[in-house]
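The file structure_35.txt contains compact mmCIF, C-alpha atoms and all ligand atoms:
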# COMPACT_ATOMS: atom_id res chain seq x y z
CA MET F 1482 -22.04 -46.78 67.07
CA THR F 1483 -25.64 -47.61 68.04
CA VAL F 1484 -28.19 -44.87 67.64
CA LYS F 1485 -30.65 -44.29 70.51
CA ASN F 1486 -34.05 -45.73 69.47
CA GLY F 1487 -32.52 -46.28 65.98
CA ILE F 1488 -34.07 -42.88 65.14
CA LEU F 1489 -32.23 -40.36 62.95
CA LEU F 1490 -33.33 -36.88 62.02
CA ALA F 1491 -31.86 -36.02 58.60
CA LEU F 1492 -31.48 -32.69 56.80
CA GLU F 1493 -30.78 -31.91 53.13
CA SER F 1494 -30.25 -28.38 51.80
CA SER F 1495 -27.45 -28.67 49.22
CA CYS F 1496 -29.37 -27.21 46.28
CA ASP F 1497 -32.98 -26.02 45.90
CA GLU F 1498 -34.90 -28.38 48.16
CA THR F 1499 -35.12 -27.93 51.92
CA SER F 1500 -35.87 -31.36 53.32
CA ALA F 1501 -36.09 -33.01 56.74
CA ALA F 1502 -36.84 -36.65 57.45
CA ILE F 1503 -37.12 -39.11 60.29
CA VAL F 1504 -35.62 -42.51 59.48
CA ALA F 1505 -35.80 -45.54 61.79
CA ASP F 1506 -33.18 -48.32 61.69
CA GLY F 1507 -31.72 -47.00 58.44
CA ARG F 1508 -34.43 -48.02 56.01
CA ASN F 1509 -37.78 -47.20 57.57
CA VAL F 1510 -38.92 -43.68 56.62
CA LEU F 1511 -41.33 -42.27 59.21
CA SER F 1512 -41.54 -38.84 57.54
CA ASN F 1513 -39.85 -37.12 54.60
CA ILE F 1514 -40.83 -33.45 54.17
CA ILE F 1515 -39.56 -31.74 51.00
CA SER F 1516 -40.01 -28.02 50.50
CA SER F 1517 -39.11 -27.30 46.88
CA GLN F 1518 -37.89 -23.90 45.69
CA VAL F 1519 -38.47 -24.78 42.02
CA PRO F 1520 -41.29 -22.22 41.52
CA ILE F 1521 -39.01 -19.48 42.95
CA HIS F 1522 -36.04 -20.26 40.68
CA GLN F 1523 -38.12 -21.04 37.59
CA LYS F 1524 -38.29 -17.45 36.41
CA TYR F 1525 -34.45 -17.31 36.36
CA LYS F 1526 -34.33 -20.64 34.44
CA GLY F 1527 -31.92 -22.08 37.01
CA VAL F 1528 -31.00 -22.03 40.70
CA VAL F 1529 -29.86 -18.64 42.07
CA PRO F 1530 -27.55 -19.61 44.97
CA GLU F 1531 -28.14 -16.52 47.13
CA ILE F 1532 -31.92 -16.85 46.86
CA ALA F 1533 -31.62 -20.58 47.63
CA SER F 1534 -29.65 -19.90 50.85
CA ARG F 1535 -32.23 -17.38 52.04
CA CYS F 1536 -35.11 -19.77 51.34
CA HIS F 1537 -33.37 -22.57 53.26
CA THR F 1538 -32.87 -20.21 56.25
CA GLN F 1539 -36.52 -19.22 56.19
CA CYS F 1540 -38.02 -22.68 56.17
CA ILE F 1541 -35.56 -25.19 57.70
CA ALA F 1542 -37.00 -24.92 61.22
CA ALA F 1543 -40.60 -25.37 60.05
CA VAL F 1544 -39.69 -28.28 57.75
CA THR F 1545 -37.85 -29.99 60.64
CA GLU F 1546 -40.78 -29.44 62.99
CA GLU F 1547 -43.13 -30.97 60.41
CA ALA F 1548 -40.85 -34.01 59.99
CA VAL F 1549 -40.68 -34.66 63.75
CA ARG F 1550 -44.43 -34.19 64.34
CA GLY F 1551 -45.32 -36.04 61.13
CA ALA F 1552 -43.43 -39.07 62.43
CA GLY F 1553 -45.46 -38.86 65.65
CA LEU F 1554 -42.29 -38.18 67.69
CA GLU F 1555 -40.86 -35.66 70.16
CA TYR F 1556 -37.39 -34.12 69.76
CA GLY F 1557 -36.25 -36.23 72.73
CA ASP F 1558 -36.81 -39.40 70.69
CA ILE F 1559 -34.08 -38.43 68.18
CA GLY F 1560 -30.89 -40.48 68.55
CA ALA F 1561 -28.65 -38.70 66.00
CA VAL F 1562 -28.74 -35.93 63.39
CA ALA F 1563 -27.50 -36.56 59.83
CA VAL F 1564 -26.91 -33.70 57.41
CA THR F 1565 -25.61 -33.24 53.87
CA SER F 1566 -22.26 -31.51 54.40
CA GLY F 1567 -21.24 -31.50 50.71
CA PRO F 1568 -20.93 -31.21 47.79
CA GLY F 1569 -23.39 -28.54 46.69
CA LEU F 1570 -24.07 -24.82 47.01
CA VAL F 1571 -22.06 -23.62 49.99
CA GLY F 1572 -24.74 -21.24 51.30
CA GLY F 1573 -27.41 -23.93 51.41
CA LEU F 1574 -25.00 -26.47 52.90
CA LEU F 1575 -24.05 -24.00 55.65
CA VAL F 1576 -27.69 -23.54 56.62
CA GLY F 1577 -28.19 -27.30 56.98
CA VAL F 1578 -24.88 -27.99 58.74
CA SER F 1579 -25.30 -25.11 61.22
CA PHE F 1580 -28.88 -26.08 62.01
CA ALA F 1581 -27.93 -29.76 62.40
CA LYS F 1582 -25.04 -28.97 64.76
CA GLY F 1583 -27.20 -26.67 66.89
CA LEU F 1584 -29.93 -29.27 67.16
CA ALA F 1585 -27.54 -32.16 67.90
CA TYR F 1586 -25.79 -30.09 70.58
CA SER F 1587 -29.03 -29.08 72.26
CA LEU F 1588 -30.30 -32.69 72.22
CA GLY F 1589 -26.95 -34.15 73.33
CA VAL F 1590 -26.81 -36.58 70.37
CA PRO F 1591 -24.18 -37.22 67.67
CA VAL F 1592 -24.12 -35.35 64.37
CA ILE F 1593 -22.96 -37.06 61.18
CA GLY F 1594 -22.03 -35.29 57.93
CA VAL F 1595 -23.11 -37.16 54.80
CA HIS F 1596 -21.86 -36.90 51.22
CA HIS F 1597 -24.77 -36.03 48.91
CA ILE F 1598 -23.92 -38.79 46.41
CA GLU F 1599 -23.74 -41.38 49.17
CA GLY F 1600 -27.25 -40.22 50.05
CA HIS F 1601 -28.49 -40.73 46.48
CA ILE F 1602 -27.02 -44.25 46.35
CA SER F 1603 -28.52 -45.07 49.78
CA ALA F 1604 -32.04 -44.14 48.57
CA ASN F 1605 -31.96 -47.61 47.02
CA TYR F 1606 -31.79 -49.27 50.46
CA ILE F 1607 -35.06 -47.58 51.42
CA THR F 1608 -37.04 -48.76 48.39
CA ASN F 1609 -35.33 -52.16 48.07
CA LYS F 1610 -35.22 -53.60 51.58
CA GLN F 1611 -33.35 -56.72 50.42
CA LEU F 1612 -30.52 -54.81 48.70
CA GLU F 1613 -27.04 -55.27 50.17
CA PRO F 1614 -23.61 -54.36 48.78
CA PRO F 1615 -21.70 -55.23 46.66
CA PHE F 1616 -23.25 -53.61 43.59
CA LEU F 1617 -22.46 -51.21 40.77
CA ALA F 1618 -24.22 -47.83 40.87
CA LEU F 1619 -25.00 -45.41 38.06
CA VAL F 1620 -25.40 -42.02 39.75
CA VAL F 1621 -26.95 -39.41 37.47
CA SER F 1622 -28.04 -36.07 38.89
CA GLY F 1623 -27.93 -32.37 38.06
CA GLY F 1624 -24.30 -32.20 39.14
CA HIS F 1625 -22.89 -35.72 38.67
CA SER F 1626 -22.73 -38.65 36.25
CA HIS F 1627 -20.73 -41.37 37.96
CA ILE F 1628 -20.31 -45.11 37.66
CA VAL F 1629 -19.45 -46.22 41.21
CA LEU F 1630 -18.39 -49.59 42.55
CA CYS F 1631 -19.90 -50.12 46.03
CA ARG F 1632 -18.16 -53.09 47.61
CA ASP F 1633 -19.58 -52.45 51.10
CA TYR F 1634 -21.53 -49.83 53.06
CA CYS F 1635 -19.54 -46.55 53.04
CA SER F 1636 -17.02 -47.95 50.54
CA TYR F 1637 -16.94 -46.43 47.06
CA GLU F 1638 -14.67 -46.63 44.05
CA LEU F 1639 -15.15 -44.30 41.08
CA ILE F 1640 -15.07 -46.25 37.82
CA GLY F 1641 -16.27 -43.61 35.36
CA ARG F 1642 -17.46 -40.03 35.30
CA THR F 1643 -18.55 -37.30 32.93
CA ARG F 1644 -15.77 -35.30 31.32
CA ASP F 1645 -18.02 -32.23 30.98
CA ASP F 1646 -21.76 -31.74 31.64
CA ALA F 1647 -23.61 -33.99 34.08
CA ALA F 1648 -26.54 -35.96 32.61
CA GLY F 1649 -29.14 -33.86 34.46
CA GLU F 1650 -27.38 -30.68 33.38
CA ALA F 1651 -27.63 -31.84 29.75
CA PHE F 1652 -31.37 -32.57 30.20
CA ASP F 1653 -31.88 -29.10 31.71
CA LYS F 1654 -29.88 -27.25 29.03
CA VAL F 1655 -31.56 -29.07 26.13
CA ALA F 1656 -34.96 -28.42 27.73
CA ARG F 1657 -34.16 -24.74 27.93
CA VAL F 1658 -33.29 -24.62 24.21
CA LEU F 1659 -36.58 -26.40 23.47
CA GLY F 1660 -38.48 -23.74 25.46
CA LEU F 1661 -39.40 -26.05 28.36
CA PRO F 1662 -39.50 -24.89 32.03
CA TYR F 1663 -36.70 -25.46 34.60
CA PRO F 1664 -35.78 -28.10 35.71
CA GLY F 1665 -36.21 -29.63 32.30
CA GLY F 1666 -35.58 -33.35 32.88
CA ILE F 1667 -39.13 -34.22 33.79
CA HIS F 1668 -40.52 -32.16 30.86
CA ILE F 1669 -38.24 -33.91 28.36
CA ASP F 1670 -39.30 -37.23 29.88
CA ARG F 1671 -43.00 -36.39 29.31
CA LEU F 1672 -42.55 -34.86 25.85
CA ALA F 1673 -40.35 -37.72 24.62
CA LYS F 1674 -43.33 -40.06 24.93
CA GLU F 1675 -45.02 -38.15 22.08
CA GLY F 1676 -41.95 -37.98 19.82
CA ASN F 1677 -40.08 -40.24 17.41
CA PRO F 1678 -36.77 -41.36 19.00
CA GLU F 1679 -35.39 -42.25 15.56
CA ALA F 1680 -36.01 -38.78 14.07
CA PHE F 1681 -32.48 -37.53 14.79
CA HIS F 1682 -29.25 -39.42 15.23
CA PHE F 1683 -26.48 -38.22 17.49
CA HIS F 1684 -23.05 -39.59 18.10
CA SER F 1685 -20.30 -39.15 20.65
CA VAL F 1686 -16.66 -40.12 20.26
CA LEU F 1687 -16.44 -41.07 23.95
CA ALA F 1688 -19.53 -43.27 23.73
CA ARG F 1689 -17.64 -45.65 21.47
CA GLN F 1690 -14.40 -45.60 23.45
CA ASP F 1691 -13.43 -48.46 25.69
CA ASN F 1692 -13.67 -46.62 29.03
CA PHE F 1693 -16.43 -45.74 31.47
CA ASP F 1694 -16.42 -41.97 31.06
CA PHE F 1695 -19.24 -39.90 29.59
CA SER F 1696 -19.47 -36.64 27.64
CA PHE F 1697 -22.74 -34.80 27.14
CA SER F 1698 -21.68 -31.33 26.03
CA GLY F 1699 -21.33 -32.39 22.35
CA ILE F 1700 -24.93 -33.55 22.03
CA LYS F 1701 -26.13 -30.43 23.85
CA THR F 1702 -24.25 -28.19 21.39
CA GLY F 1703 -25.51 -30.29 18.45
CA ILE F 1704 -29.11 -29.71 19.55
CA ILE F 1705 -28.57 -25.98 20.10
CA ASN F 1706 -27.16 -25.71 16.55
CA LEU F 1707 -30.00 -27.81 15.11
CA VAL F 1708 -32.68 -25.64 16.74
CA HIS F 1709 -30.99 -22.39 15.65
CA LYS F 1710 -30.68 -23.65 12.06
CA LEU F 1711 -34.35 -24.62 11.89
CA GLU F 1712 -35.37 -21.25 13.36
CA GLN F 1713 -33.16 -19.32 10.92
CA ASN F 1714 -34.72 -21.21 8.01
CA GLY F 1715 -38.19 -20.43 9.36
CA GLU F 1716 -38.92 -24.14 9.76
CA PRO F 1717 -40.94 -25.53 12.69
CA VAL F 1718 -38.89 -27.09 15.51
CA PRO F 1719 -40.06 -30.71 16.08
CA VAL F 1720 -39.70 -30.38 19.84
CA ALA F 1721 -41.09 -33.82 20.79
CA ASP F 1722 -38.93 -35.62 18.20
CA ILE F 1723 -35.79 -33.83 19.41
CA ALA F 1724 -36.66 -34.62 23.06
CA ALA F 1725 -37.26 -38.30 22.21
CA SER F 1726 -34.07 -38.64 20.13
CA PHE F 1727 -31.95 -36.87 22.77
CA GLN F 1728 -33.34 -38.96 25.61
CA GLN F 1729 -32.88 -42.22 23.71
CA PHE F 1730 -29.26 -41.36 22.94
CA VAL F 1731 -28.36 -40.33 26.49
CA CYS F 1732 -30.10 -43.36 28.07
CA GLY F 1733 -28.42 -45.66 25.56
CA VAL F 1734 -24.92 -44.42 26.38
CA LEU F 1735 -25.56 -44.53 30.15
CA CYS F 1736 -26.96 -48.07 30.05
CA GLU F 1737 -24.32 -49.49 27.71
CA LYS F 1738 -21.38 -48.29 29.81
CA THR F 1739 -23.01 -49.25 33.11
CA VAL F 1740 -23.74 -52.84 32.07
CA LYS F 1741 -20.27 -53.16 30.54
CA ALA F 1742 -18.69 -51.97 33.82
CA ALA F 1743 -20.85 -54.37 35.86
CA ARG F 1744 -19.71 -57.24 33.65
CA LEU F 1745 -16.04 -56.26 33.89
CA TYR F 1746 -16.14 -55.97 37.69
CA GLY F 1747 -18.25 -59.12 38.12
CA MET F 1748 -21.17 -57.29 39.74
CA LYS F 1749 -24.46 -59.20 39.84
CA SER F 1750 -26.50 -56.17 40.98
CA VAL F 1751 -26.87 -52.75 39.35
CA VAL F 1752 -28.48 -49.76 41.06
CA LEU F 1753 -29.64 -46.46 39.60
CA ALA F 1754 -29.48 -43.24 41.65
CA GLY F 1755 -29.81 -39.44 41.45
CA GLY F 1756 -32.46 -37.11 40.04
CA VAL F 1757 -32.18 -38.49 36.49
CA ALA F 1758 -32.96 -41.95 37.91
CA ALA F 1759 -36.58 -40.72 37.88
CA ASN F 1760 -36.45 -40.82 34.06
CA SER F 1761 -38.93 -43.40 32.79
CA GLN F 1762 -36.91 -44.49 29.76
CA LEU F 1763 -33.66 -44.81 31.72
CA ARG F 1764 -35.39 -46.97 34.34
CA SER F 1765 -36.97 -49.31 31.80
CA MET F 1766 -33.92 -49.48 29.50
CA LEU F 1767 -31.46 -50.28 32.30
CA ALA F 1768 -33.89 -52.79 33.85
CA GLU F 1769 -34.17 -54.58 30.50
CA GLN F 1770 -30.43 -54.59 29.82
CA CYS F 1771 -29.75 -55.96 33.30
CA ARG F 1772 -32.36 -58.68 32.77
CA VAL F 1773 -30.79 -59.70 29.44
CA ASN F 1774 -27.36 -59.86 31.12
CA GLY F 1775 -28.58 -61.86 34.13
CA MET F 1776 -28.10 -58.99 36.60
CA SER F 1777 -30.52 -57.76 39.27
CA PHE F 1778 -31.66 -54.17 38.83
CA PHE F 1779 -32.68 -51.76 41.59
CA CYS F 1780 -33.84 -48.15 41.60
CA PRO F 1781 -35.48 -45.89 44.21
CA GLU F 1782 -39.13 -44.89 43.93
CA PRO F 1783 -39.29 -41.58 41.98
CA VAL F 1784 -39.77 -39.31 45.03
CA LEU F 1785 -36.53 -40.69 46.52
CA CYS F 1786 -34.56 -40.11 43.27
CA THR F 1787 -34.53 -36.32 43.46
CA ASP F 1788 -33.11 -34.52 46.49
CA ASN F 1789 -34.67 -35.52 49.81
CA ALA F 1790 -33.56 -35.96 53.43
CA ALA F 1791 -34.67 -39.59 53.85
CA MET F 1792 -31.77 -40.77 51.68
CA ILE F 1793 -29.37 -38.73 53.87
CA GLY F 1794 -30.83 -40.36 56.99
CA CYS F 1795 -30.27 -43.81 55.52
CA ALA F 1796 -26.66 -43.02 54.55
CA GLY F 1797 -26.03 -41.39 57.96
CA TYR F 1798 -27.33 -44.48 59.76
CA TYR F 1799 -24.87 -46.78 57.97
CA ARG F 1800 -22.01 -44.31 58.52
CA LEU F 1801 -22.70 -44.34 62.26
CA GLN F 1802 -22.94 -48.15 62.20
CA LYS F 1803 -19.46 -48.22 60.65
CA GLY F 1804 -18.14 -45.98 63.43
CA PHE F 1805 -17.93 -42.71 61.53
CA VAL F 1806 -19.14 -39.69 63.48
CA SER F 1807 -18.67 -35.94 63.05
CA ASP F 1808 -18.25 -33.33 65.76
CA LEU F 1809 -19.15 -29.68 66.16
CA ALA F 1810 -16.21 -28.72 63.91
CA LEU F 1811 -18.20 -30.19 60.98
CA ASN F 1812 -18.23 -27.68 58.14
CA ALA F 1813 -19.91 -27.34 54.76
CA ASP F 1814 -17.65 -28.53 51.94
CA ALA F 1815 -18.92 -27.41 48.54
CA ALA F 1816 -16.43 -29.66 46.70
CA MET F 1817 -16.43 -32.62 49.13
CA SER F 1818 -14.94 -35.79 47.71
CA LEU F 1819 -16.36 -39.29 48.21
CA PHE F 1820 -13.62 -41.25 46.50
O1 LIG S 1 -30.42 -35.26 42.34
P1 LIG S 1 -31.11 -34.02 41.95
O2 LIG S 1 -32.47 -33.75 42.55
O3 LIG S 1 -30.23 -32.79 42.29
C1 LIG S 1 -28.84 -32.84 42.19
O4 LIG S 1 -28.20 -33.43 43.09
O5 LIG S 1 -28.34 -32.32 41.18
O6 LIG S 1 -31.18 -34.03 40.36
C2 LIG S 1 -31.80 -33.00 39.66
C3 LIG S 1 -31.70 -33.32 38.19
C4 LIG S 1 -32.15 -32.17 37.32
O7 LIG S 1 -31.17 -31.97 36.33
C5 LIG S 1 -33.45 -32.69 36.73
O8 LIG S 1 -33.75 -32.17 35.44
C6 LIG S 1 -33.19 -34.17 36.67
O9 LIG S 1 -32.53 -34.44 37.88
N1 LIG S 1 -34.44 -34.95 36.58
C7 LIG S 1 -34.76 -35.70 35.50
C8 LIG S 1 -36.05 -36.24 35.74
N2 LIG S 1 -36.46 -35.81 36.96
C9 LIG S 1 -35.45 -35.02 37.46
N3 LIG S 1 -34.08 -35.96 34.36
C10 LIG S 1 -34.66 -36.76 33.46
N4 LIG S 1 -35.90 -37.29 33.61
C11 LIG S 1 -36.62 -37.07 34.73
N5 LIG S 1 -37.83 -37.63 34.87
ZN ZN S 2 -29.00 -34.61 44.31

Take the structure I supplied and represent it as structure tokens, if you would.
Amino acid sequence: MTVKNGILLALESSCDETSAAIVADGRNVLSNIISSQVPIHQKYKGVVPEIASRCHTQCIAAVTEEAVRGAGLEYGDIGAVAVTSGPGLVGGLLVGVSFAKGLAYSLGVPVIGVHHIEGHISANYITNKQLEPPFLALVVSGGHSHIVLCRDYCSYELIGRTRDDAAGEAFDKVARVLGLPYPGGIHIDRLAKEGNPEAFHFHSVLARQDNFDFSFSGIKTGIINLVHKLEQNGEPVPVADIAASFQQFVCGVLCEKTVKAARLYGMKSVVLAGGVAANSQLRSMLAEQCRVNGMSFFCPEPVLCTDNAAMIGCAGYYRLQKGFVSDLALNADAAMSLF
């Protein structure tokens, strides 16, 4: 399906960011407004779903208005509306889906529901204009750790996944134990630069197994026990060393399994996606391992790694190109499946 003017308005509200973007021809971002609720949830040390839904309701219209005006457009220029319809927090998803359907109906344009993970993967098309499928994707966010085979646009095969905590979840939980603010990934990233990554050694049974699954709850528990033991003994907690050792271990496991999967499936390109893709060590480690193995490496610019609507607009554009379209029966699906 061709989109009028090639212009999509996209909305993302699956967690704690309300975002609206205007994307032209799939990869050209004309505006990408992100209203973060992080300061609101920080005092609870995590996202409170009911508060998140209310915040989305309060600001989605203003964020959308800013995206349209910021792109120098009028509502009449919009050719289609893309929206994250799952997975995520159902209250937030409902705000986005309802708003998107209302807007699409009033403008007389199609609405397309987008899977959040497909959005994260598609962020790579925006930063890397030359990227085309097939490729292997490592998707690491607050809710997912997936190795995904992308043979074509809108075609995904799950190769490996976490058996327990997602990578971002592990970063956030370890950060909390170390007394760092929510969300902790970025704070661990910064602190790790000052620490010794060889100070502590962790191991995981799954890391050594010949499959593409991950497990991060063991290392999280190991660090909780380590910190408690040091505190009970009245010893100082070497926060930077723990952050550096934890990050090195997690990045090592993620990179090793991703490159192994790319080799097995004959993929020449590897892409990184999701909030944890903003991690500086993960980006440089995976880039280096791809280089050594003769593979091309791609990742989105940091602002497109964490939740944003531009990535949803890009994914929505390619879905429409492939002939997928939703209708006004589109609903929020908190546990939506991509595979
Ligand atoms: O994709 P995202 O914005 O939301 C979900 O879909 O879950 O990912 C958020 C996750 C959080 O767990 C956050 O701590 C993590 O991404 N994150 C990072 C970094 N920046 C964000 N983790 C490690 N290093 C970072 N620099
Ligand atoms: Zn996300």

8 Å shell around ligand ZN 2 (chain S) using all atoms listed in the file, listed as a PyMOL selection string: chain F and resi 1495-1496+1597-1598+1601+1622-1624+1755-1756+1786-1789

Name all residues at most 8 Å from stretch 1547-1550 of chain F (count all atoms listed in the file; drop same-chain ones fewer than 6 positions away) and give them as a PyMOL selection string. chain F and resi 1490+1501-1503+1512-1514+1556

Hey, which residues come within 9 Å of ligand LIG 1 (chain S) if we count only C-alpha atoms and all ligand atoms? Could you give them as a ChimeraX atom specification? /F:1495-1498,1568-1569,1597-1598,1601,1620-1625,1647-1654,1656,1663-1671,1728,1754-1763,1783,1785-1789

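Counting all atoms listed in the file and comparing F:Gln1713, F:Gln1770, F:Ser1777, F:Ser1566, the residue that lies closest to F:Phe1580 is F:Ser1566.
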
Within 12 Å of F:Leu1767 using all atoms listed in the file, minus same-chain residues under 6 positions, as a VMD selection string: chain F and resid 1618 to 1619 1729 1731 to 1741 1743 1750 to 1754 1758 1760 to 1761 1773 to 1774 1776 to 1780

One decimal, in Å: what's the spacing between atom CA of F:Ile1602 and atom CA of F:Val1564?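 The value is 15.3 Å.
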
List the spatial neighbours of stretch 1535-1540 of chain F as a compact mmCIF listing (two decimals) with C-alpha atoms, in the frame of the given file - criterion: any atom at most 8 Å away, only C-alpha atoms, same-chain residues fewer than 6 positions off excluded.
# COMPACT_ATOMS: atom_id res chain seq x y z
CA SER F 1494 -30.25 -28.38 51.80
CA GLU F 1498 -34.90 -28.38 48.16
CA THR F 1499 -35.12 -27.93 51.92
CA GLN F 1518 -37.89 -23.90 45.69
CA GLY F 1573 -27.41 -23.93 51.41
CA VAL F 1576 -27.69 -23.54 56.62
CA GLY F 1577 -28.19 -27.30 56.98

Coordinates-based distance that separates atom CA of F:Glu1638 from atom CA of F:Phe1820 (Å, one decimal):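 Going from atom CA of F:Phe1820 over to atom CA of F:Glu1638 covers 6.0 Å.
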
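Note that atom CA of F:Asn1692 and atom CA of F:Leu1639 are 12.4 Å apart.
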
Extract, using only C-alpha atoms, all DNA, RNA and protein residues at most 10 Å from stretch 1800-1813 of chain F, discarding same-chain residues fewer than 4 positions from it, and format them as number ranges by chain. F: 1482-1484, 1495, 1507, 1561, 1563-1579, 1581-1583, 1585-1586, 1591-1595, 1599, 1634-1635, 1794-1796, 1817

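The smallest atom-to-atom distance between F:Ser1818 and any of F:Ser1587, F:Gln1611, F:Tyr1637, F:Gln1690, using only C-alpha atoms, is found for F:Tyr1637.
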
Using all atoms listed in the file, which of F:Glu1782, F:Ala1533, F:Leu1511, F:Ile1521 sits nearest F:Gly1553?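 Selected residue with least distance to F:Gly1553: F:Leu1511.
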
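When all atoms listed in the file are used to compute distances to F:Val1504, the closest of the residues F:Glu1531, F:Asp1814, F:Ile1607, F:Pro1520 turns out to be F:Ile1607.
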
Taking the partial coordinates given, rebuild stretch 1619-1639 of chain F to contain N, CA and C atoms; return it as an mmCIF file, in the coordinates of the input.
data_model
loop_
_atom_site.group_PDB
_atom_site.id
_atom_site.type_symbol
_atom_site.label_atom_id
_atom_site.label_comp_id
_atom_site.auth_asym_id
_atom_site.auth_seq_id
_atom_site.Cartn_x
_atom_site.Cartn_y
_atom_site.Cartn_z
ATOM 1 N N LEU F 1619 -25.044 -46.523 39.015
ATOM 2 C CA LEU F 1619 -25.000 -45.410 38.060
ATOM 3 C C LEU F 1619 -25.668 -44.234 38.765
ATOM 4 N N VAL F 1620 -24.878 -43.195 39.045
ATOM 5 C CA VAL F 1620 -25.400 -42.020 39.750
ATOM 6 C C VAL F 1620 -25.506 -40.860 38.772
ATOM 7 N N VAL F 1621 -26.743 -40.469 38.463
ATOM 8 C CA VAL F 1621 -26.950 -39.410 37.470
ATOM 9 C C VAL F 1621 -27.853 -38.334 38.056
ATOM 10 N N SER F 1622 -27.261 -37.153 38.291
ATOM 11 C CA SER F 1622 -28.040 -36.070 38.890
ATOM 12 C C SER F 1622 -27.751 -34.782 38.133
ATOM 13 N N GLY F 1623 -28.189 -33.659 38.712
ATOM 14 C CA GLY F 1623 -27.930 -32.370 38.060
ATOM 15 C C GLY F 1623 -26.456 -32.014 38.073
ATOM 16 N N GLY F 1624 -25.704 -32.564 39.023
ATOM 17 C CA GLY F 1624 -24.300 -32.200 39.140
ATOM 18 C C GLY F 1624 -23.321 -33.333 38.884
ATOM 19 N N HIS F 1625 -23.807 -34.585 38.792
ATOM 20 C CA HIS F 1625 -22.890 -35.720 38.670
ATOM 21 C C HIS F 1625 -23.386 -36.761 37.673
ATOM 22 N N SER F 1626 -22.439 -37.419 37.003
ATOM 23 C CA SER F 1626 -22.730 -38.650 36.250
ATOM 24 C C SER F 1626 -21.571 -39.588 36.556
ATOM 25 N N HIS F 1627 -21.796 -40.498 37.475
ATOM 26 C CA HIS F 1627 -20.730 -41.370 37.960
ATOM 27 C C HIS F 1627 -21.123 -42.832 37.803
ATOM 28 N N ILE F 1628 -20.145 -43.669 37.476
ATOM 29 C CA ILE F 1628 -20.310 -45.110 37.660
ATOM 30 C C ILE F 1628 -19.464 -45.453 38.890
ATOM 31 N N VAL F 1629 -20.109 -46.011 39.915
ATOM 32 C CA VAL F 1629 -19.450 -46.220 41.210
ATOM 33 C C VAL F 1629 -19.540 -47.691 41.607
ATOM 34 N N LEU F 1630 -18.417 -48.221 42.042
ATOM 35 C CA LEU F 1630 -18.390 -49.590 42.550
ATOM 36 C C LEU F 1630 -18.576 -49.513 44.065
ATOM 37 N N CYS F 1631 -19.628 -50.140 44.584
ATOM 38 C CA CYS F 1631 -19.900 -50.120 46.030
ATOM 39 C C CYS F 1631 -19.651 -51.524 46.542
ATOM 40 N N ARG F 1632 -18.505 -51.737 47.153
ATOM 41 C CA ARG F 1632 -18.160 -53.090 47.610
ATOM 42 C C ARG F 1632 -18.770 -53.371 48.973
ATOM 43 N N ASP F 1633 -19.036 -52.297 49.754
ATOM 44 C CA ASP F 1633 -19.580 -52.450 51.100
ATOM 45 C C ASP F 1633 -20.276 -51.140 51.455
ATOM 46 N N TYR F 1634 -20.987 -51.102 52.587
ATOM 47 C CA TYR F 1634 -21.530 -49.830 53.060
ATOM 48 C C TYR F 1634 -20.361 -48.868 53.255
ATOM 49 N N CYS F 1635 -20.539 -47.615 52.841
ATOM 50 C CA CYS F 1635 -19.540 -46.550 53.040
ATOM 51 C C CYS F 1635 -18.236 -46.799 52.286
ATOM 52 N N SER F 1636 -18.246 -47.677 51.287
ATOM 53 C CA SER F 1636 -17.020 -47.950 50.540
ATOM 54 C C SER F 1636 -17.294 -47.767 49.048
ATOM 55 N N TYR F 1637 -16.625 -46.805 48.441
ATOM 56 C CA TYR F 1637 -16.940 -46.430 47.060
ATOM 57 C C TYR F 1637 -15.674 -46.288 46.227
ATOM 58 N N GLU F 1638 -15.782 -46.760 44.992
ATOM 59 C CA GLU F 1638 -14.670 -46.630 44.050
ATOM 60 C C GLU F 1638 -15.233 -46.052 42.759
ATOM 61 N N LEU F 1639 -14.650 -44.948 42.299
ATOM 62 C CA LEU F 1639 -15.150 -44.300 41.080
ATOM 63 C C LEU F 1639 -14.579 -45.002 39.852
#
